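Structure file protein-v7.cif with mmCIF, C-alpha atoms:
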data_upload
loop_
_atom_site.label_atom_id
_atom_site.label_comp_id
_atom_site.auth_asym_id
_atom_site.auth_seq_id
_atom_site.Cartn_x
_atom_site.Cartn_y
_atom_site.Cartn_z
CA MET A 1 -16.74 233.90 59.43
CA ALA A 2 -16.44 236.24 62.39
CA THR A 3 -13.20 236.17 64.38
CA PRO A 4 -13.89 234.79 67.87
CA ASP A 5 -13.20 236.86 70.95
CA ARG A 6 -9.93 235.85 72.57
CA LEU A 7 -8.60 235.36 76.08
CA LEU A 8 -4.90 235.55 76.84
CA ILE A 9 -3.90 232.65 79.12
CA VAL A 10 -0.59 232.99 80.98
CA GLU A 11 0.50 229.46 81.87
CA HIS A 12 3.58 228.85 84.02
CA GLU A 13 3.86 225.06 84.15
CA ARG A 14 2.62 222.29 81.87
CA ASP A 15 0.89 220.49 84.75
CA ALA A 16 -1.05 223.68 85.64
CA PRO A 17 -3.01 224.32 82.44
CA ALA A 18 -6.28 226.13 81.79
CA GLY A 19 -8.33 223.05 82.73
CA LEU A 20 -12.01 223.91 83.15
CA LEU A 21 -11.44 227.27 81.48
CA GLY A 22 -11.28 225.36 78.18
CA PRO A 23 -14.85 224.00 77.95
CA TRP A 24 -16.27 227.18 79.48
CA ALA A 25 -14.49 229.32 76.88
CA ALA A 26 -15.67 227.05 74.06
CA ASP A 27 -19.27 227.42 75.24
CA ARG A 28 -18.81 231.20 75.27
CA GLY A 29 -17.28 231.27 71.79
CA LEU A 30 -13.92 232.37 73.16
CA ALA A 31 -10.56 231.30 71.75
CA LEU A 32 -7.61 230.83 74.13
CA ASP A 33 -4.17 232.24 73.33
CA VAL A 34 -1.72 230.46 75.65
CA VAL A 35 1.68 231.98 76.42
CA ARG A 36 4.32 230.43 78.67
CA PRO A 37 6.74 233.10 79.91
CA ALA A 38 8.71 230.56 81.96
CA GLU A 39 9.52 228.84 78.63
CA ALA A 40 10.65 232.16 77.11
CA ASP A 41 7.42 232.82 75.20
CA PRO A 42 7.20 236.56 74.60
CA LEU A 43 4.29 238.33 76.25
CA PRO A 44 2.21 240.41 73.85
CA ALA A 45 3.21 244.03 73.42
CA SER A 46 -0.45 244.94 73.04
CA LEU A 47 -3.65 243.50 74.48
CA ALA A 48 -5.73 244.72 71.55
CA GLY A 49 -8.00 241.89 70.45
CA HIS A 50 -8.12 240.25 73.87
CA THR A 51 -11.27 240.53 75.96
CA GLY A 52 -9.51 239.35 79.10
CA VAL A 53 -6.33 237.97 80.65
CA VAL A 54 -6.13 234.87 82.86
CA VAL A 55 -2.97 234.24 84.87
CA LEU A 56 -2.69 230.66 86.13
CA GLY A 57 -0.93 229.02 89.05
CA SER A 58 2.72 228.19 89.60
CA GLU A 59 5.04 226.47 92.05
CA GLN A 60 7.02 229.71 92.13
CA THR A 61 6.66 232.65 94.49
CA ALA A 62 5.12 235.89 93.24
CA PHE A 63 7.42 238.04 95.38
CA ASP A 64 10.60 236.32 94.14
CA ASP A 65 12.16 238.97 91.90
CA SER A 66 14.91 236.57 90.84
CA LEU A 67 12.40 234.94 88.47
CA PRO A 68 13.56 236.21 85.08
CA TRP A 69 10.03 236.48 83.63
CA LEU A 70 8.19 237.96 86.61
CA ALA A 71 8.91 241.62 85.84
CA GLY A 72 7.46 241.21 82.35
CA GLU A 73 4.35 239.57 83.78
CA LEU A 74 3.86 242.39 86.27
CA ASP A 75 4.22 244.86 83.41
CA LEU A 76 1.61 242.94 81.39
CA LEU A 77 -0.86 243.15 84.27
CA ALA A 78 -0.09 246.83 84.81
CA ARG A 79 -1.00 247.45 81.17
CA ALA A 80 -4.17 245.38 81.50
CA ILE A 81 -5.18 247.28 84.64
CA ALA A 82 -4.45 250.66 83.05
CA GLY A 83 -6.41 249.64 79.94
CA SER A 84 -9.35 248.13 81.88
CA VAL A 85 -8.80 244.72 80.24
CA PRO A 86 -10.33 242.30 82.78
CA VAL A 87 -7.76 240.13 84.58
CA LEU A 88 -8.52 236.88 86.37
CA GLY A 89 -5.63 235.80 88.59
CA ILE A 90 -5.70 232.25 89.96
CA CYS A 91 -3.54 231.30 92.97
CA PHE A 92 -0.03 232.47 91.91
CA GLY A 93 -1.83 234.57 89.29
CA GLY A 94 -4.01 236.09 91.99
CA GLN A 95 -0.88 236.94 93.95
CA VAL A 96 0.72 238.60 90.90
CA LEU A 97 -2.48 240.60 90.35
CA ALA A 98 -2.60 241.61 94.02
CA ARG A 99 1.04 242.71 93.84
CA ALA A 100 0.39 244.72 90.67
CA LEU A 101 -2.40 246.47 92.58
CA GLY A 102 -0.12 247.35 95.48
CA ALA A 103 -0.93 244.59 97.98
CA ARG A 104 1.52 242.79 100.27
CA LEU A 105 2.21 239.12 99.62
CA TYR A 106 3.41 236.78 102.36
CA ARG A 107 4.35 233.18 103.16
CA LEU A 108 1.75 231.13 105.05
CA PRO A 109 2.83 229.37 108.27
CA GLU A 110 2.24 226.11 106.39
CA PRO A 111 0.90 225.28 102.92
CA GLU A 112 -2.86 225.02 102.44
CA ILE A 113 -3.58 221.89 100.40
CA GLY A 114 -7.09 220.49 100.29
CA TRP A 115 -10.71 221.49 99.80
CA VAL A 116 -11.90 224.86 101.10
CA ARG A 117 -15.47 226.08 101.41
CA VAL A 118 -15.21 229.85 101.17
CA SER A 119 -17.34 232.45 102.91
CA SER A 120 -18.54 234.06 99.69
CA GLN A 121 -19.76 237.65 99.83
CA HIS A 122 -21.16 237.68 96.28
CA ALA A 123 -23.82 235.57 94.57
CA GLY A 124 -21.58 235.20 91.52
CA LEU A 125 -18.92 233.37 93.52
CA PRO A 126 -20.13 229.93 94.64
CA ALA A 127 -18.98 228.79 98.07
CA GLY A 128 -17.50 225.56 96.73
CA PRO A 129 -15.80 223.61 98.14
CA TRP A 130 -12.87 224.62 95.94
CA LEU A 131 -9.44 223.07 95.58
CA ALA A 132 -6.75 225.04 97.42
CA TRP A 133 -3.03 224.42 96.88
CA HIS A 134 -0.74 227.27 97.90
CA GLN A 135 2.02 228.28 100.28
CA ASP A 136 1.70 232.06 99.89
CA GLY A 137 -1.14 234.51 100.37
CA PHE A 138 -2.14 238.06 99.49
CA GLU A 139 -3.59 240.92 101.49
CA LEU A 140 -6.51 242.93 100.13
CA PRO A 141 -5.18 245.46 97.60
CA PRO A 142 -5.87 249.14 98.28
CA GLY A 143 -9.34 250.06 97.04
CA ALA A 144 -10.32 246.44 96.38
CA ARG A 145 -13.43 244.60 97.52
CA GLU A 146 -13.19 241.35 99.47
CA LEU A 147 -15.23 238.65 97.73
CA ALA A 148 -14.47 235.63 99.92
CA GLY A 149 -12.46 234.48 102.89
CA GLY A 150 -12.08 231.14 104.58
CA GLY A 151 -9.38 228.56 105.11
CA ALA A 152 -5.90 229.90 105.70
CA SER A 153 -6.19 233.30 104.03
CA LEU A 154 -8.19 235.80 102.03
CA GLN A 155 -9.58 233.78 99.14
CA ALA A 156 -10.90 236.29 96.59
CA PHE A 157 -11.08 240.01 95.81
CA SER A 158 -12.18 242.29 93.00
CA HIS A 159 -10.76 245.61 91.90
CA GLY A 160 -12.81 247.14 89.12
CA PRO A 161 -13.16 244.39 86.49
CA HIS A 162 -10.20 242.42 87.86
CA VAL A 163 -10.57 239.39 90.14
CA GLY A 164 -7.92 237.62 92.19
CA LEU A 165 -8.53 234.12 93.54
CA GLN A 166 -6.43 232.05 95.93
CA PHE A 167 -8.19 228.75 95.14
CA HIS A 168 -8.25 226.81 91.86
CA PRO A 169 -11.59 226.86 89.97
CA GLU A 170 -9.82 225.67 86.82
CA ALA A 171 -8.54 222.44 88.38
CA THR A 172 -9.83 219.05 87.27
CA GLU A 173 -9.36 215.68 88.92
CA ALA A 174 -6.61 214.87 86.41
CA ILE A 175 -4.79 218.12 87.19
CA THR A 176 -5.09 217.41 90.90
CA HIS A 177 -3.56 213.96 90.47
CA ALA A 178 -0.71 215.44 88.41
CA TRP A 179 0.06 217.81 91.28
CA MET A 180 -0.12 214.97 93.79
CA ARG A 181 2.48 213.05 91.76
CA GLY A 182 4.74 216.01 91.13
CA VAL A 183 4.83 217.96 94.37
CA THR A 184 8.02 217.84 96.46
CA PRO A 185 7.81 216.94 99.27
CA GLY A 186 4.81 214.77 98.59
CA VAL A 187 1.39 215.24 100.10
CA SER A 188 0.65 213.32 103.25
CA PRO A 189 -1.61 210.24 103.18
CA ALA A 190 -4.30 212.28 104.93
CA GLN A 191 -4.04 215.06 102.35
CA ALA A 192 -4.12 212.54 99.51
CA ALA A 193 -7.25 210.93 100.94
CA GLU A 194 -8.94 214.33 101.32
CA LEU A 195 -8.00 215.38 97.78
CA ASP A 196 -9.33 212.15 96.27
CA GLY A 197 -12.42 212.15 98.45
CA GLY A 198 -13.28 215.70 97.43
CA TRP A 199 -13.61 214.64 93.79
CA ALA A 200 -16.01 211.77 94.51
CA GLY A 201 -19.17 212.65 92.61
CA ALA A 202 -18.15 216.30 92.46
CA ALA A 203 -16.89 216.74 88.88
CA ASP A 204 -20.17 218.09 87.46
CA ARG A 205 -20.76 220.41 90.42
CA THR A 206 -17.20 221.73 90.24
CA ALA A 207 -17.46 222.37 86.50
CA ALA A 208 -20.79 224.19 86.94
CA ASP A 209 -19.44 226.31 89.81
CA ALA A 210 -16.31 227.13 87.82
CA ALA A 211 -18.31 228.15 84.74
CA ALA A 212 -20.55 230.38 86.86
CA LEU A 213 -17.50 232.04 88.43
CA PHE A 214 -15.68 232.54 85.12
CA SER A 215 -18.80 234.09 83.58
CA ALA A 216 -19.38 236.36 86.59
CA TRP A 217 -15.80 237.62 86.20
CA LEU A 218 -15.90 238.24 82.44
CA ASP A 219 -19.42 239.70 82.49
CA GLY A 220 -18.40 242.18 85.19
CA ASP A 221 -20.80 240.83 87.80
CA LEU A 222 -17.99 240.62 90.38
CA ALA A 223 -16.64 244.10 89.64
CA GLY A 224 -15.81 245.93 92.81
CA ALA A 225 -14.31 249.17 93.96
CA GLY A 226 -11.13 250.43 92.42
CA GLY A 227 -10.40 253.04 89.85
CA LEU A 228 -7.71 253.67 87.32
CA ALA A 229 -4.16 252.50 87.82
CA SER A 230 -0.91 254.24 87.14
CA SER A 231 1.50 252.91 84.53
CA ASP A 232 3.27 250.79 87.16
CA GLY A 233 0.04 249.13 88.23
CA VAL A 234 -0.37 250.92 91.57
CA PRO A 235 -3.98 252.08 91.92
CA LEU A 236 -4.66 255.78 91.93
CA GLN A 237 -6.81 257.21 94.68
CA ALA A 238 -10.42 257.43 93.65
CA SER A 239 -12.09 260.80 93.86
#
If you convert what's in this file into structure tokens, what do you get?
Amino acid sequence: MATPDRLLIVEHERDAPAGLLGPWAADRGLALDVVRPAEADPLPASLAGHTGVVVLGSEQTAFDDSLPWLAGELDLLARAIAGSVPVLGICFGGQVLARALGARLYRLPEPEIGWVRVSSQHAGLPAGPWLAWHQDGFELPPGARELAGGGASLQAFSHGPHVGLQFHPEATEAITHAWMRGVTPGVSPAQAAELDGGWAGAADRTAADAAALFSAWLDGDLAGAGGLASSDGVPLQAS
């Protein structure tokens, strides 16, 4: 029996798992290798055997260098970038990817929690609406291509085969409810009503949009400008 292709999934919190990435990967014949650096799981020394890396969301801040595992994660992405192993960064993961590519991260005036219809600039990235849940944002990395804006910040970019997202295509209704229960301070009644209302009759559409986006990333359809990166992840100037 042939060994399935594998994706490395970097998960930071148990209530922020791969979600809709799971059924999509199964349909593609992809196995998921989940590592949890915040729980002291070692990150792989080599990405050989992995066709891509997905970095998921977190309650933490991607420019907080006091996080004991963040430097290792930045190094992992630098190696993926240098080796042209496609990276998909989601929310916090998108911020880590943007930082590895040399972009500035920043704190939003107030958190963006709710459903966002993005102004997509690529047919492979559906407009949504997508679930947004973040307090930080990223600027466009040097040499990157903007894929979508809308809401409170830049929502998506590509740099070569790598894609950073600010919204959550992996989120399910169950994941959303787990965040609503666990967030401190809690969401407002208006936010809770919007979050619940956004799921009404939308599960199939969301799953289809997410699968289309994941496939567009891994198949290279979203690939944008951006060349090689140096060993520290900062992009080199294209000729």
(request) For the structure shown, which residues end up in the PyMOL selection byres ((chain A and resi 129) around 8)? Put them as a VMD selection string, please? (result) chain A and resid 115 to 118 127 to 128 130 to 131
Using C-alpha atoms, can you write the selected residues to a file as a PDB file, keeping the file's coordinate frame?
ATOM      1  CA  TRP A 115     -10.710 221.490  99.800  1.00  0.00           C
ATOM      2  CA  VAL A 116     -11.900 224.860 101.100  1.00  0.00           C
ATOM      3  CA  ARG A 117     -15.470 226.080 101.410  1.00  0.00           C
ATOM      4  CA  VAL A 118     -15.210 229.850 101.170  1.00  0.00           C
ATOM      5  CA  ALA A 127     -18.980 228.790  98.070  1.00  0.00           C
ATOM      6  CA  GLY A 128     -17.500 225.560  96.730  1.00  0.00           C
ATOM      7  CA  TRP A 130     -12.870 224.620  95.940  1.00  0.00           C
ATOM      8  CA  LEU A 131      -9.440 223.070  95.580  1.00  0.00           C
TER       9      LEU A 131
END
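With all atoms listed in the file as the basis for measurement, A:Asp5 is the residue among A:Asp5, A:Ala48, A:Gly198, A:Pro126 that approaches Ala26 of chain A most closely.
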(request) Using only C-alpha atoms, find the one residue out of A:Ala132, A:Val10, A:Val87, A:Ala100 that sits nearest to Glu112 of chain A. (result)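 The shortest atom-to-atom distance to Glu112 of chain A comes from A:Ala132.
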(request) Go through A:Ser84, A:Gln95, A:Gln135, A:Ser119 and flag the residue nearest Val53 of chain A, using all atoms listed in the file for the distances. (result) A:Ser84
Enclose all atoms of segment 86-101 of chain A listed in the file in an axis-aligned box, grow every side by 4 Å, and hand back centre and edge lengths in Å to one decimal, as lines of an AutoDock Vina configuration file.
center_x = -4.6
center_y = 238.9
center_z = 88.4
size_x = 19.4
size_y = 23.2
size_z = 19.2
(message) For segment 68-78 of chain A, find every residue with an atom within 12 Å (counting all atoms listed in the file), except residues of its own chain fewer than 5 positions away, and show them as a PyMOL selection string.
(response) chain A and resi 8-12+35-47+52-56+58+60-63+83-89+92-102+162-164+228-235
Output C-alpha atoms of each residue in that selection to a file, as a PDB file, keeping the file's coordinate frame.
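File result04.pdb, as written:
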ATOM      1  CA  LEU A   8      -4.900 235.550  76.840  1.00  0.00           C
ATOM      2  CA  ILE A   9      -3.900 232.650  79.120  1.00  0.00           C
ATOM      3  CA  VAL A  10      -0.590 232.990  80.980  1.00  0.00           C
ATOM      4  CA  GLU A  11       0.500 229.460  81.870  1.00  0.00           C
ATOM      5  CA  HIS A  12       3.580 228.850  84.020  1.00  0.00           C
ATOM      6  CA  VAL A  35       1.680 231.980  76.420  1.00  0.00           C
ATOM      7  CA  ARG A  36       4.320 230.430  78.670  1.00  0.00           C
ATOM      8  CA  PRO A  37       6.740 233.100  79.910  1.00  0.00           C
ATOM      9  CA  ALA A  38       8.710 230.560  81.960  1.00  0.00           C
ATOM     10  CA  GLU A  39       9.520 228.840  78.630  1.00  0.00           C
ATOM     11  CA  ALA A  40      10.650 232.160  77.110  1.00  0.00           C
ATOM     12  CA  ASP A  41       7.420 232.820  75.200  1.00  0.00           C
ATOM     13  CA  PRO A  42       7.200 236.560  74.600  1.00  0.00           C
ATOM     14  CA  LEU A  43       4.290 238.330  76.250  1.00  0.00           C
ATOM     15  CA  PRO A  44       2.210 240.410  73.850  1.00  0.00           C
ATOM     16  CA  ALA A  45       3.210 244.030  73.420  1.00  0.00           C
ATOM     17  CA  SER A  46      -0.450 244.940  73.040  1.00  0.00           C
ATOM     18  CA  LEU A  47      -3.650 243.500  74.480  1.00  0.00           C
ATOM     19  CA  GLY A  52      -9.510 239.350  79.100  1.00  0.00           C
ATOM     20  CA  VAL A  53      -6.330 237.970  80.650  1.00  0.00           C
ATOM     21  CA  VAL A  54      -6.130 234.870  82.860  1.00  0.00           C
ATOM     22  CA  VAL A  55      -2.970 234.240  84.870  1.00  0.00           C
ATOM     23  CA  LEU A  56      -2.690 230.660  86.130  1.00  0.00           C
ATOM     24  CA  SER A  58       2.720 228.190  89.600  1.00  0.00           C
ATOM     25  CA  GLN A  60       7.020 229.710  92.130  1.00  0.00           C
ATOM     26  CA  THR A  61       6.660 232.650  94.490  1.00  0.00           C
ATOM     27  CA  ALA A  62       5.120 235.890  93.240  1.00  0.00           C
ATOM     28  CA  PHE A  63       7.420 238.040  95.380  1.00  0.00           C
ATOM     29  CA  GLY A  83      -6.410 249.640  79.940  1.00  0.00           C
ATOM     30  CA  SER A  84      -9.350 248.130  81.880  1.00  0.00           C
ATOM     31  CA  VAL A  85      -8.800 244.720  80.240  1.00  0.00           C
ATOM     32  CA  PRO A  86     -10.330 242.300  82.780  1.00  0.00           C
ATOM     33  CA  VAL A  87      -7.760 240.130  84.580  1.00  0.00           C
ATOM     34  CA  LEU A  88      -8.520 236.880  86.370  1.00  0.00           C
ATOM     35  CA  GLY A  89      -5.630 235.800  88.590  1.00  0.00           C
ATOM     36  CA  PHE A  92      -0.030 232.470  91.910  1.00  0.00           C
ATOM     37  CA  GLY A  93      -1.830 234.570  89.290  1.00  0.00           C
ATOM     38  CA  GLY A  94      -4.010 236.090  91.990  1.00  0.00           C
ATOM     39  CA  GLN A  95      -0.880 236.940  93.950  1.00  0.00           C
ATOM     40  CA  VAL A  96       0.720 238.600  90.900  1.00  0.00           C
ATOM     41  CA  LEU A  97      -2.480 240.600  90.350  1.00  0.00           C
ATOM     42  CA  ALA A  98      -2.600 241.610  94.020  1.00  0.00           C
ATOM     43  CA  ARG A  99       1.040 242.710  93.840  1.00  0.00           C
ATOM     44  CA  ALA A 100       0.390 244.720  90.670  1.00  0.00           C
ATOM     45  CA  LEU A 101      -2.400 246.470  92.580  1.00  0.00           C
ATOM     46  CA  GLY A 102      -0.120 247.350  95.480  1.00  0.00           C
ATOM     47  CA  HIS A 162     -10.200 242.420  87.860  1.00  0.00           C
ATOM     48  CA  VAL A 163     -10.570 239.390  90.140  1.00  0.00           C
ATOM     49  CA  GLY A 164      -7.920 237.620  92.190  1.00  0.00           C
ATOM     50  CA  LEU A 228      -7.710 253.670  87.320  1.00  0.00           C
ATOM     51  CA  ALA A 229      -4.160 252.500  87.820  1.00  0.00           C
ATOM     52  CA  SER A 230      -0.910 254.240  87.140  1.00  0.00           C
ATOM     53  CA  SER A 231       1.500 252.910  84.530  1.00  0.00           C
ATOM     54  CA  ASP A 232       3.270 250.790  87.160  1.00  0.00           C
ATOM     55  CA  GLY A 233       0.040 249.130  88.230  1.00  0.00           C
ATOM     56  CA  VAL A 234      -0.370 250.920  91.570  1.00  0.00           C
ATOM     57  CA  PRO A 235      -3.980 252.080  91.920  1.00  0.00           C
TER      58      PRO A 235
END
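We find atom CA of Ala207 of chain A and atom CA of Thr172 of chain A to be spaced 8.4 Å apart.
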(request) For atom CA of Ala192 of chain A and atom CA of Phe157 of chain A, determine how far apart the two atoms are, in Å to one decimal place. (result)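 Taking atom CA of Ala192 of chain A and atom CA of Phe157 of chain A, their separation equals 28.6 Å.
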(request) Pick out the closest residue to Asp209 of chain A from this set: A:Ala103, A:His168, A:Glu173, A:Ala190. Count all atoms listed in the file. (result) A:His168
(message) Given all atoms listed in the file as the basis, pick out the residue of A:Phe167, A:Ala82, A:Gly22, A:Asp136 nearest to Gly149 of chain A.
(response)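 Using all atoms listed in the file, the shortest distance to Gly149 of chain A belongs to A:Phe167.
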(message) Just checking: using all atoms listed in the file, which residue out of A:Gln155, A:Gly150, A:Gly124, A:Asp15 ends up closest to Asp219 of chain A?
(response)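 When distances to Asp219 of chain A are compared using all atoms listed in the file, the smallest one comes from A:Gly124.
We find atom CA of Gly19 of chain A and atom CA of Leu67 of chain A to be spaced 24.6 Å apart.
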(message) What would the selection look like, as a list in words, if the PyMOL selection byres ((chain A and resi 221) around 12) were run on the coordinates I just shared?
(response) Pro86, His122, Ala123, Gly124, Leu125, Leu147, Ser158, His159, Gly160, Pro161, His162, Val163, Ala212, Leu213, Phe214, Ser215, Ala216, Trp217, Leu218, Asp219, Gly220, Leu222, Ala223 and Gly224 of chain A
(message) List as a list in words the protein and nucleic acid residues near Pro111 of chain A, meaning an atom at most 12 Å away when only C-alpha atoms are counted, but skip any in the same chain fewer than 5 places from it.
(response)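 The neighbour list is Glu59, Tyr106, Ala132, Trp133, His134, Gln135, Asp136, Gly137, Gly151, Ala152, Ser153, Val183, Pro185, Val187, Ser188 and Gln191 of chain A.
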